[in-house]
Amino acid sequence: MWEPDAFPFVKAKTCTDMSWIKEGELSLLEKISANILKAGPMPKHVAFIMDGNRRFARKKNMERQEGHMQGFNKLAETLRWCKHLNIPEVTVYAFSIENFKRTEDEVDGLMELARQKFERLLEEHENLEKHGVCIRVLGDLNMLPLDLQQLIAKAVFTTRNHNKCFVNVCFAYTSRYEITNAVREMAWGVEQGLIKGSDVSEALLSECLYSNNSPNPDLLIRTSGEVRLSDFLLWQTSHSCLVFQSVLWPEYSFWNLCEAILQYQLNHKSIQKARDLHREHQALQQLEADRACVAELLQHHSNGKPVDSQRRQEALLHYTSCREERVRDFLEALKHKRDSFFSDLCSESLLA
């Protein structure tokens, strides 16, 4: 469940430092430490549950909005650290679907705060282009006000071709909703005749998630001492290193990030082994499913006569090739549907 002190897009209106990208080099000691870490296996994708903004504000006797603003600034600073550590992809939990259960005034306030951050993002498009930052927003945007949908669509559309680093913002998101939506997408594919029911698999479901353009996170970090995932990336982090740190998000430091990366490195071999075994198991499952389908087809067409092994193998190769082609066509159609959603929103905003 999303908690308001984890929301990084909130800012005090008097604040002028709202940039998504922080400039600046590491200190000498930070550079030395970063080089030592980079001698080992480094995570390529880190996910954050940014928790502790409100508690930080109470601790410092400041307004709640100031705590949220500090939280957003910390996100921008963390993205800078990740850049120096050669971590090309970051995913953050920004706004949960569960939060819509809060009061109307609170939800409206959070929507307004999100508008301010995405407007700022559009203002610094040149800086995003300079650093090659691609912004993706994962979630059901139909739940949001239309003007905010359009702002988000502009940000996604404007940065879609940038490929040096990726920032995935989970907004109007829960993992269970994401998985349910992926099942709906596969059902749509069957209804459209693009795939067969027998084509549905664990691997295909992964390709239908909001995060299908990203590798699964290598490392997930949650701050503030909470030790739960709160319905965040449940499917994607089944073979990730999970690190729970007691520091409040606005107080997060380069050294906290280094500590989490070190935990990843200490567990890298076991994580990689688990991933390799899972890939092998997936491949074996798919092979067995294909063989079962081919056996059923051959039995239907052979009128009970025995089929030799060569014919079985030829039929298996043909069936696998056809299945893979169906899946490719389906995924291309799904991509087109999702891209059209964003491009249509951008067109509507220009006409408004």
# chains A, B, ... in the order shown; residues from 1 in each chain; ligands from 1
>>> residues_around(residues="range 34-44 of chain A", least_positions_apart="2", cutoff="12 Å", atoms="only C-alpha atoms", output="PyMOL selection string")
chain A and resi 25-32+46-47+81-91+165-166+214-221+240-241+254-255+257-269+271-272
>>> residues_around(residues="Met50 in chain A", least_positions_apart="6", cutoff="12 Å", atoms="only C-alpha atoms", output="PyMOL selection string")
chain A and resi 2-9+68+70-75+78+91-95+169-170+220-226+229-230+232+244-252
>>> write_last_selection(atoms="N, CA and C atoms", output="compact mmCIF listing (two decimals), in the first residue's frame")
# COMPACT_ATOMS: atom_id res chain seq x y z
N TRP A 2 0.57 2.16 -0.90
CA TRP A 2 1.34 3.40 -0.97
C TRP A 2 1.09 4.22 0.28
N GLU A 3 2.14 4.89 0.76
CA GLU A 3 2.00 5.76 1.91
C GLU A 3 2.37 7.18 1.48
N PRO A 4 1.69 8.21 2.00
CA PRO A 4 1.92 9.58 1.52
C PRO A 4 3.34 10.05 1.71
N ASP A 5 4.05 9.52 2.73
CA ASP A 5 5.42 9.99 2.92
C ASP A 5 6.38 9.37 1.94
N ALA A 6 5.88 8.47 1.08
CA ALA A 6 6.74 7.90 0.04
C ALA A 6 6.60 8.65 -1.28
N PHE A 7 5.70 9.63 -1.34
CA PHE A 7 5.39 10.31 -2.59
C PHE A 7 6.41 11.40 -2.88
N PRO A 8 7.21 11.26 -3.96
CA PRO A 8 8.33 12.16 -4.17
C PRO A 8 8.01 13.40 -4.98
N PHE A 9 6.81 13.50 -5.55
CA PHE A 9 6.55 14.59 -6.47
C PHE A 9 6.04 15.84 -5.77
N HIS A 68 8.13 16.59 1.67
CA HIS A 68 7.92 15.98 0.35
C HIS A 68 8.85 16.59 -0.69
N GLN A 70 11.80 17.83 -0.13
CA GLN A 70 13.12 17.24 0.12
C GLN A 70 13.20 15.83 -0.45
N GLY A 71 12.07 15.11 -0.38
CA GLY A 71 12.04 13.77 -0.96
C GLY A 71 12.24 13.77 -2.45
N PHE A 72 11.61 14.73 -3.15
CA PHE A 72 11.81 14.80 -4.59
C PHE A 72 13.26 15.18 -4.92
N ASN A 73 13.81 16.14 -4.19
CA ASN A 73 15.20 16.52 -4.42
C ASN A 73 16.13 15.33 -4.22
N LYS A 74 15.79 14.48 -3.24
CA LYS A 74 16.62 13.30 -3.00
C LYS A 74 16.54 12.33 -4.18
N LEU A 75 15.37 12.22 -4.81
CA LEU A 75 15.25 11.38 -5.99
C LEU A 75 16.18 11.88 -7.08
N THR A 78 19.67 11.04 -6.18
CA THR A 78 19.92 9.60 -6.32
C THR A 78 20.11 9.21 -7.77
N THR A 91 13.61 2.49 -11.21
CA THR A 91 12.14 2.48 -11.12
C THR A 91 11.74 2.96 -9.73
N VAL A 92 10.77 3.87 -9.66
CA VAL A 92 10.33 4.41 -8.37
C VAL A 92 8.83 4.24 -8.21
N TYR A 93 8.42 3.96 -6.97
CA TYR A 93 7.01 3.82 -6.63
C TYR A 93 6.49 5.17 -6.20
N ALA A 94 5.70 5.81 -7.07
CA ALA A 94 5.29 7.19 -6.82
C ALA A 94 3.87 7.31 -6.28
N PHE A 95 2.93 6.55 -6.86
CA PHE A 95 1.53 6.75 -6.48
C PHE A 95 0.77 5.44 -6.69
N VAL A 169 8.47 5.59 -13.66
CA VAL A 169 7.68 6.14 -12.56
C VAL A 169 6.38 5.35 -12.46
N CYS A 170 6.21 4.61 -11.37
CA CYS A 170 4.98 3.83 -11.17
C CYS A 170 3.92 4.75 -10.57
N LEU A 220 16.14 -4.11 -5.23
CA LEU A 220 15.03 -3.28 -4.77
C LEU A 220 15.38 -2.75 -3.38
N ILE A 221 15.23 -1.44 -3.20
CA ILE A 221 15.57 -0.78 -1.94
C ILE A 221 14.32 -0.11 -1.37
N ARG A 222 14.06 -0.37 -0.09
CA ARG A 222 13.00 0.37 0.61
C ARG A 222 13.61 1.05 1.83
N THR A 223 13.31 2.35 1.98
CA THR A 223 13.84 3.12 3.10
C THR A 223 12.81 3.21 4.23
N SER A 224 13.23 3.80 5.34
CA SER A 224 12.42 4.15 6.52
C SER A 224 12.18 3.00 7.48
N GLY A 225 12.77 1.84 7.22
CA GLY A 225 12.66 0.74 8.16
C GLY A 225 11.50 -0.20 7.93
N GLU A 226 10.59 0.13 7.02
CA GLU A 226 9.49 -0.78 6.70
C GLU A 226 10.03 -1.97 5.92
N LEU A 229 6.77 -5.04 0.68
CA LEU A 229 6.85 -4.56 -0.70
C LEU A 229 5.67 -3.68 -1.09
N SER A 230 4.60 -3.68 -0.30
CA SER A 230 3.46 -2.79 -0.54
C SER A 230 2.92 -2.88 -1.97
N PHE A 232 4.33 -3.70 -4.82
CA PHE A 232 5.22 -3.05 -5.79
C PHE A 232 6.09 -4.08 -6.48
N PHE A 244 16.27 -3.58 2.81
CA PHE A 244 15.45 -2.68 3.60
C PHE A 244 16.37 -1.88 4.53
N GLN A 245 16.31 -0.56 4.39
CA GLN A 245 17.19 0.31 5.15
C GLN A 245 16.38 1.24 6.06
N SER A 246 16.89 1.51 7.24
CA SER A 246 16.14 2.27 8.24
C SER A 246 16.15 3.78 7.99
N VAL A 247 17.07 4.27 7.18
CA VAL A 247 17.18 5.71 6.93
C VAL A 247 15.91 6.25 6.26
N LEU A 248 15.49 7.46 6.65
CA LEU A 248 14.35 8.11 6.01
C LEU A 248 14.78 8.59 4.62
N TRP A 249 13.85 8.55 3.66
CA TRP A 249 14.23 8.83 2.27
C TRP A 249 14.94 10.17 2.08
N PRO A 250 14.45 11.30 2.65
CA PRO A 250 15.16 12.57 2.42
C PRO A 250 16.57 12.59 2.98
N GLU A 251 16.90 11.67 3.89
CA GLU A 251 18.24 11.60 4.46
C GLU A 251 19.11 10.54 3.77
N TYR A 252 18.58 9.96 2.71
CA TYR A 252 19.32 8.92 2.01
C TYR A 252 20.62 9.49 1.46
>>> closest_residue(among="A:Asp231, A:Asp105, A:Glu288, A:Asp329", to="Ser201 in chain A", atoms="only C-alpha atoms")
A:Glu288
>>> residues_around(residues="Phe157 in chain A", least_positions_apart="6", cutoff="12 Å", atoms="only C-alpha atoms", output="MDAnalysis selection string")
chainID A and resid 122 125 134:137 149:151 338:347
>>> closest_residue(among="A:Leu277, A:Val307, A:Val190, A:Leu317", to="Arg291 in chain A", atoms="only C-alpha atoms")
A:Leu317
>>> select_by_dssp(residues="range 115-321 of chain A", states="alpha helix (DSSP H)", output="ChimeraX atom specification")
/A:115-123,125-131,146-159,175-191,202-207,254-266,268-301,309-321
>>> residues_around(residues="Leu204 in chain A", least_positions_apart="2", cutoff="12 Å", atoms="only C-alpha atoms", output="ChimeraX atom specification")
/A:179,182-183,185-187,189,195-202,206-209,212,282,286,323-324,326-328,330-331,334
>>> write_last_selection(atoms="N, CA, C and O atoms", output="compact mmCIF listing (two decimals), in the first residue's frame")
# COMPACT_ATOMS: atom_id res chain seq x y z
N ILE A 179 -0.64 -7.20 -12.97
CA ILE A 179 -0.73 -8.60 -13.39
C ILE A 179 -2.11 -8.90 -13.96
O ILE A 179 -2.25 -9.58 -14.99
N ALA A 182 -2.34 -7.56 -17.38
CA ALA A 182 -1.60 -8.40 -18.33
C ALA A 182 -2.46 -9.58 -18.78
O ALA A 182 -2.44 -9.97 -19.96
N VAL A 183 -3.20 -10.16 -17.84
CA VAL A 183 -4.10 -11.26 -18.18
C VAL A 183 -5.18 -10.76 -19.15
O VAL A 183 -5.53 -11.44 -20.13
N GLU A 185 -4.90 -8.34 -21.27
CA GLU A 185 -4.27 -8.12 -22.58
C GLU A 185 -4.16 -9.43 -23.36
O GLU A 185 -4.40 -9.47 -24.57
N MET A 186 -3.80 -10.51 -22.66
CA MET A 186 -3.71 -11.81 -23.34
C MET A 186 -5.10 -12.28 -23.78
O MET A 186 -5.25 -12.83 -24.88
N ALA A 187 -6.11 -12.04 -22.94
CA ALA A 187 -7.48 -12.40 -23.32
C ALA A 187 -7.91 -11.62 -24.56
O ALA A 187 -8.57 -12.16 -25.46
N GLY A 189 -5.91 -10.57 -26.88
CA GLY A 189 -5.20 -11.18 -28.00
C GLY A 189 -5.89 -12.43 -28.51
O GLY A 189 -5.97 -12.66 -29.73
N ILE A 195 -3.55 -14.62 -30.98
CA ILE A 195 -2.90 -15.77 -30.34
C ILE A 195 -3.96 -16.80 -29.98
O ILE A 195 -5.16 -16.51 -29.99
N LYS A 196 -3.51 -17.99 -29.64
CA LYS A 196 -4.40 -19.05 -29.18
C LYS A 196 -4.31 -19.15 -27.66
O LYS A 196 -3.32 -18.73 -27.06
N GLY A 197 -5.31 -19.75 -27.08
CA GLY A 197 -5.27 -19.96 -25.63
C GLY A 197 -4.06 -20.76 -25.20
O GLY A 197 -3.49 -20.53 -24.13
N SER A 198 -3.61 -21.67 -26.06
CA SER A 198 -2.44 -22.50 -25.74
C SER A 198 -1.14 -21.72 -25.79
O SER A 198 -0.10 -22.19 -25.33
N ASP A 199 -1.17 -20.49 -26.35
CA ASP A 199 0.04 -19.66 -26.41
C ASP A 199 0.30 -18.94 -25.09
O ASP A 199 1.39 -18.41 -24.88
N VAL A 200 -0.72 -18.88 -24.25
CA VAL A 200 -0.58 -18.17 -22.97
C VAL A 200 0.42 -18.89 -22.09
O VAL A 200 0.37 -20.11 -21.92
N SER A 201 1.36 -18.12 -21.54
CA SER A 201 2.42 -18.71 -20.71
C SER A 201 2.93 -17.66 -19.73
O SER A 201 2.61 -16.47 -19.84
N GLU A 202 3.76 -18.12 -18.81
CA GLU A 202 4.39 -17.20 -17.86
C GLU A 202 5.23 -16.17 -18.59
O GLU A 202 5.22 -14.98 -18.26
N SER A 206 4.74 -11.97 -18.77
CA SER A 206 5.80 -10.99 -18.49
C SER A 206 5.89 -9.94 -19.58
O SER A 206 6.12 -8.75 -19.30
N GLU A 207 5.68 -10.34 -20.82
CA GLU A 207 5.75 -9.41 -21.94
C GLU A 207 4.55 -8.48 -22.00
O GLU A 207 4.58 -7.47 -22.71
N CYS A 208 3.48 -8.81 -21.24
CA CYS A 208 2.28 -7.98 -21.25
C CYS A 208 2.22 -7.03 -20.06
O CYS A 208 1.25 -6.26 -19.94
N LEU A 209 3.20 -7.08 -19.18
CA LEU A 209 3.23 -6.18 -18.03
C LEU A 209 3.56 -4.76 -18.49
O LEU A 209 4.12 -4.55 -19.57
N ASN A 212 7.24 -4.22 -19.53
CA ASN A 212 7.78 -5.17 -20.51
C ASN A 212 9.00 -4.65 -21.25
O ASN A 212 9.77 -5.44 -21.82
N GLN A 282 11.52 -22.31 -17.37
CA GLN A 282 10.56 -21.72 -18.30
C GLN A 282 10.67 -22.34 -19.68
O GLN A 282 9.66 -22.66 -20.31
N GLN A 286 7.83 -24.54 -21.67
CA GLN A 286 7.33 -24.19 -23.00
C GLN A 286 7.48 -25.36 -23.96
O GLN A 286 6.58 -25.64 -24.76
N ARG A 323 3.85 -20.67 -33.48
CA ARG A 323 3.52 -20.05 -32.19
C ARG A 323 4.34 -18.79 -31.98
O ARG A 323 3.81 -17.75 -31.56
N GLU A 324 5.64 -18.87 -32.23
CA GLU A 324 6.52 -17.71 -32.04
C GLU A 324 6.10 -16.56 -32.94
O GLU A 324 6.15 -15.39 -32.54
N ARG A 326 3.00 -16.02 -34.08
CA ARG A 326 1.75 -15.48 -33.52
C ARG A 326 2.05 -14.54 -32.34
O ARG A 326 1.47 -13.45 -32.24
N VAL A 327 2.93 -14.98 -31.47
CA VAL A 327 3.26 -14.18 -30.29
C VAL A 327 3.91 -12.86 -30.70
O VAL A 327 3.59 -11.80 -30.14
N ARG A 328 4.81 -12.90 -31.68
CA ARG A 328 5.45 -11.67 -32.16
C ARG A 328 4.40 -10.69 -32.69
O ARG A 328 4.45 -9.50 -32.40
N PHE A 330 1.23 -10.58 -32.00
CA PHE A 330 0.40 -10.11 -30.88
C PHE A 330 1.10 -9.01 -30.09
O PHE A 330 0.51 -7.96 -29.79
N LEU A 331 2.37 -9.22 -29.78
CA LEU A 331 3.11 -8.23 -29.00
C LEU A 331 3.29 -6.93 -29.79
O LEU A 331 3.30 -5.84 -29.22
N LEU A 334 0.00 -5.18 -29.48
CA LEU A 334 -0.13 -4.63 -28.13
C LEU A 334 0.70 -3.36 -27.98
O LEU A 334 0.24 -2.37 -27.40
>>> select_by_dssp(residues="range 68-294 of chain A", states="strand (DSSP E)", output="PyMOL selection string")
chain A and resi 89-96+133-138+165-173+219-222+241-244
>>> closest_residue(among="A:Glu178, A:Gln116, A:Lys154, A:Thr159", to="Lys130 in chain A", atoms="only C-alpha atoms")
A:Thr159
>>> closest_residue(among="A:His336, A:Arg115, A:His300, A:His162", to="Asp147 in chain A", atoms="only C-alpha atoms")
A:Arg115
>>> residues_around(residues="Gly139 in chain A", least_positions_apart="4", cutoff="10 Å", atoms="only C-alpha atoms", output="compact mmCIF listing (two decimals) with all heavy atoms, in the first residue's frame")
# COMPACT_ATOMS: atom_id res chain seq x y z
N PHE A 95 2.93 6.55 -6.86
CA PHE A 95 1.53 6.75 -6.48
C PHE A 95 0.77 5.44 -6.69
O PHE A 95 0.70 4.92 -7.79
CB PHE A 95 0.93 7.86 -7.35
CG PHE A 95 -0.45 8.28 -6.95
CD1 PHE A 95 -0.64 9.30 -6.03
CD2 PHE A 95 -1.57 7.66 -7.48
CE1 PHE A 95 -1.92 9.70 -5.66
CE2 PHE A 95 -2.84 8.05 -7.13
CZ PHE A 95 -3.02 9.07 -6.21
N SER A 96 0.23 4.91 -5.60
CA SER A 96 -0.47 3.64 -5.65
C SER A 96 -1.95 3.83 -5.93
O SER A 96 -2.56 4.84 -5.53
CB SER A 96 -0.31 2.90 -4.32
OG SER A 96 -1.19 1.81 -4.25
N ILE A 97 -2.57 2.88 -6.58
CA ILE A 97 -4.01 2.88 -6.79
C ILE A 97 -4.73 2.94 -5.44
O ILE A 97 -5.81 3.54 -5.31
CB ILE A 97 -4.44 1.64 -7.59
CG1 ILE A 97 -3.91 1.73 -9.03
CG2 ILE A 97 -5.95 1.47 -7.59
CD1 ILE A 97 -4.08 0.46 -9.84
N MET A 143 -7.10 6.29 -14.84
CA MET A 143 -7.60 6.64 -13.51
C MET A 143 -7.33 8.10 -13.15
O MET A 143 -7.85 8.59 -12.16
CB MET A 143 -6.95 5.73 -12.46
CG MET A 143 -7.30 4.27 -12.59
SD MET A 143 -6.56 3.32 -11.24
CE MET A 143 -7.16 1.68 -11.62
N VAL A 169 8.47 5.59 -13.66
CA VAL A 169 7.68 6.14 -12.56
C VAL A 169 6.38 5.35 -12.46
O VAL A 169 5.54 5.39 -13.37
CB VAL A 169 7.37 7.64 -12.79
CG1 VAL A 169 6.57 8.21 -11.62
CG2 VAL A 169 8.66 8.43 -12.99
N CYS A 170 6.21 4.61 -11.37
CA CYS A 170 4.98 3.83 -11.17
C CYS A 170 3.92 4.75 -10.57
O CYS A 170 4.04 5.19 -9.43
CB CYS A 170 5.25 2.64 -10.26
SG CYS A 170 6.32 1.41 -11.04
N PHE A 171 2.88 5.01 -11.36
CA PHE A 171 1.88 6.02 -11.01
C PHE A 171 0.50 5.45 -11.32
O PHE A 171 0.28 4.94 -12.41
CB PHE A 171 2.14 7.29 -11.82
CG PHE A 171 1.55 8.53 -11.23
CD1 PHE A 171 2.32 9.36 -10.42
CD2 PHE A 171 0.23 8.88 -11.45
CE1 PHE A 171 1.79 10.51 -9.87
CE2 PHE A 171 -0.31 10.02 -10.91
CZ PHE A 171 0.46 10.84 -10.11
N ALA A 172 -0.44 5.54 -10.37
CA ALA A 172 -1.72 4.83 -10.46
C ALA A 172 -1.43 3.35 -10.69
O ALA A 172 -1.89 2.73 -11.65
CB ALA A 172 -2.60 5.41 -11.57
N TYR A 173 -0.65 2.80 -9.79
CA TYR A 173 -0.05 1.47 -9.97
C TYR A 173 -0.19 0.63 -8.71
O TYR A 173 -0.05 1.14 -7.60
CB TYR A 173 1.44 1.62 -10.30
CG TYR A 173 2.21 0.32 -10.34
CD1 TYR A 173 2.39 -0.36 -11.54
CD2 TYR A 173 2.75 -0.23 -9.17
CE1 TYR A 173 3.08 -1.56 -11.57
CE2 TYR A 173 3.44 -1.44 -9.21
CZ TYR A 173 3.60 -2.10 -10.41
OH TYR A 173 4.28 -3.30 -10.44
N THR A 174 -0.49 -0.64 -8.89
CA THR A 174 -0.16 -1.69 -7.92
C THR A 174 0.24 -2.91 -8.75
O THR A 174 -0.18 -3.06 -9.91
CB THR A 174 -1.32 -2.07 -6.98
OG1 THR A 174 -2.38 -2.66 -7.76
CG2 THR A 174 -1.82 -0.89 -6.17
N SER A 175 1.01 -3.77 -8.16
CA SER A 175 1.49 -4.93 -8.89
C SER A 175 0.36 -5.90 -9.23
O SER A 175 0.30 -6.45 -10.33
CB SER A 175 2.56 -5.66 -8.07
OG SER A 175 3.14 -6.70 -8.82
N TYR A 177 -2.74 -5.18 -9.76
CA TYR A 177 -3.50 -4.61 -10.88
C TYR A 177 -2.74 -4.80 -12.18
O TYR A 177 -3.33 -5.11 -13.23
CB TYR A 177 -3.76 -3.12 -10.62
CG TYR A 177 -4.70 -2.49 -11.62
CD1 TYR A 177 -6.06 -2.43 -11.37
CD2 TYR A 177 -4.22 -1.97 -12.82
CE1 TYR A 177 -6.94 -1.86 -12.29
CE2 TYR A 177 -5.09 -1.40 -13.74
CZ TYR A 177 -6.44 -1.35 -13.47
OH TYR A 177 -7.29 -0.80 -14.39
N GLU A 178 -1.43 -4.61 -12.15
CA GLU A 178 -0.60 -4.79 -13.34
C GLU A 178 -0.71 -6.22 -13.87
O GLU A 178 -0.85 -6.44 -15.08
CB GLU A 178 0.86 -4.46 -13.01
CG GLU A 178 1.80 -4.68 -14.18
CD GLU A 178 3.26 -4.46 -13.81
OE1 GLU A 178 3.64 -4.71 -12.65
OE2 GLU A 178 4.03 -4.05 -14.70
N ASN A 181 -4.12 -6.78 -15.37
CA ASN A 181 -4.19 -6.13 -16.67
C ASN A 181 -3.47 -6.95 -17.74
O ASN A 181 -3.93 -7.02 -18.89
CB ASN A 181 -3.58 -4.73 -16.59
CG ASN A 181 -3.70 -3.98 -17.89
OD1 ASN A 181 -4.78 -3.57 -18.28
ND2 ASN A 181 -2.58 -3.81 -18.59
N LEU A 209 3.20 -7.08 -19.18
CA LEU A 209 3.23 -6.18 -18.03
C LEU A 209 3.56 -4.76 -18.49
O LEU A 209 4.12 -4.55 -19.57
CB LEU A 209 4.27 -6.65 -17.02
CG LEU A 209 4.01 -8.01 -16.35
CD1 LEU A 209 5.22 -8.42 -15.51
CD2 LEU A 209 2.76 -7.98 -15.49
N TYR A 210 3.24 -3.78 -17.64
CA TYR A 210 3.61 -2.39 -17.95
C TYR A 210 5.12 -2.27 -18.15
O TYR A 210 5.60 -1.42 -18.90
CB TYR A 210 3.20 -1.46 -16.82
CG TYR A 210 1.72 -1.37 -16.53
CD1 TYR A 210 1.24 -1.43 -15.23
CD2 TYR A 210 0.79 -1.19 -17.56
CE1 TYR A 210 -0.12 -1.32 -14.96
CE2 TYR A 210 -0.57 -1.10 -17.30
CZ TYR A 210 -1.01 -1.16 -15.99
OH TYR A 210 -2.35 -1.06 -15.73
N SER A 211 5.86 -3.10 -17.44
CA SER A 211 7.33 -3.01 -17.42
C SER A 211 7.99 -3.85 -18.50
O SER A 211 9.18 -4.14 -18.40
CB SER A 211 7.85 -3.45 -16.05
OG SER A 211 7.49 -4.81 -15.80
>>> atom_distance(atom1="CA of Leu141 in chain A", atom2="CA of Trp20 in chain A")
20.9 Å
>>> atom_distance(atom1="CA of Ala155 in chain A", atom2="CA of Asn168 in chain A")
11.7 Å
>>> atom_distance(atom1="CA of Leu297 in chain A", atom2="CA of Ala203 in chain A")
23.2 Å
>>> residues_around(residues="Ser19 in chain A", least_positions_apart="5", cutoff="8 Å", atoms="only C-alpha atoms", output="PyMOL selection string")
chain A and resi 73+76+120-121+124
>>> write_last_selection(atoms="N, CA, C and O atoms", output="short mmCIF file (atom, residue, chain, number, x, y, z; two decimals), in the first residue's frame")
data_model
loop_
_atom_site.label_atom_id
_atom_site.label_comp_id
_atom_site.auth_asym_id
_atom_site.auth_seq_id
_atom_site.Cartn_x
_atom_site.Cartn_y
_atom_site.Cartn_z
N ASN A 73 13.81 16.14 -4.19
CA ASN A 73 15.20 16.52 -4.42
C ASN A 73 16.13 15.33 -4.22
O ASN A 73 17.14 15.18 -4.91
N ALA A 76 16.17 13.19 -7.33
CA ALA A 76 17.04 13.75 -8.37
C ALA A 76 18.51 13.50 -8.03
O ALA A 76 19.31 13.18 -8.92
N ARG A 120 7.42 20.56 -14.80
CA ARG A 120 8.84 20.86 -14.66
C ARG A 120 9.68 19.95 -15.56
O ARG A 120 10.64 20.39 -16.20
N LEU A 121 9.29 18.71 -15.63
CA LEU A 121 10.02 17.77 -16.47
C LEU A 121 9.98 18.21 -17.92
O LEU A 121 11.00 18.17 -18.63
N GLU A 124 12.40 21.08 -18.73
CA GLU A 124 13.83 20.78 -18.83
C GLU A 124 14.10 19.65 -19.83
O GLU A 124 14.99 18.83 -19.65
#
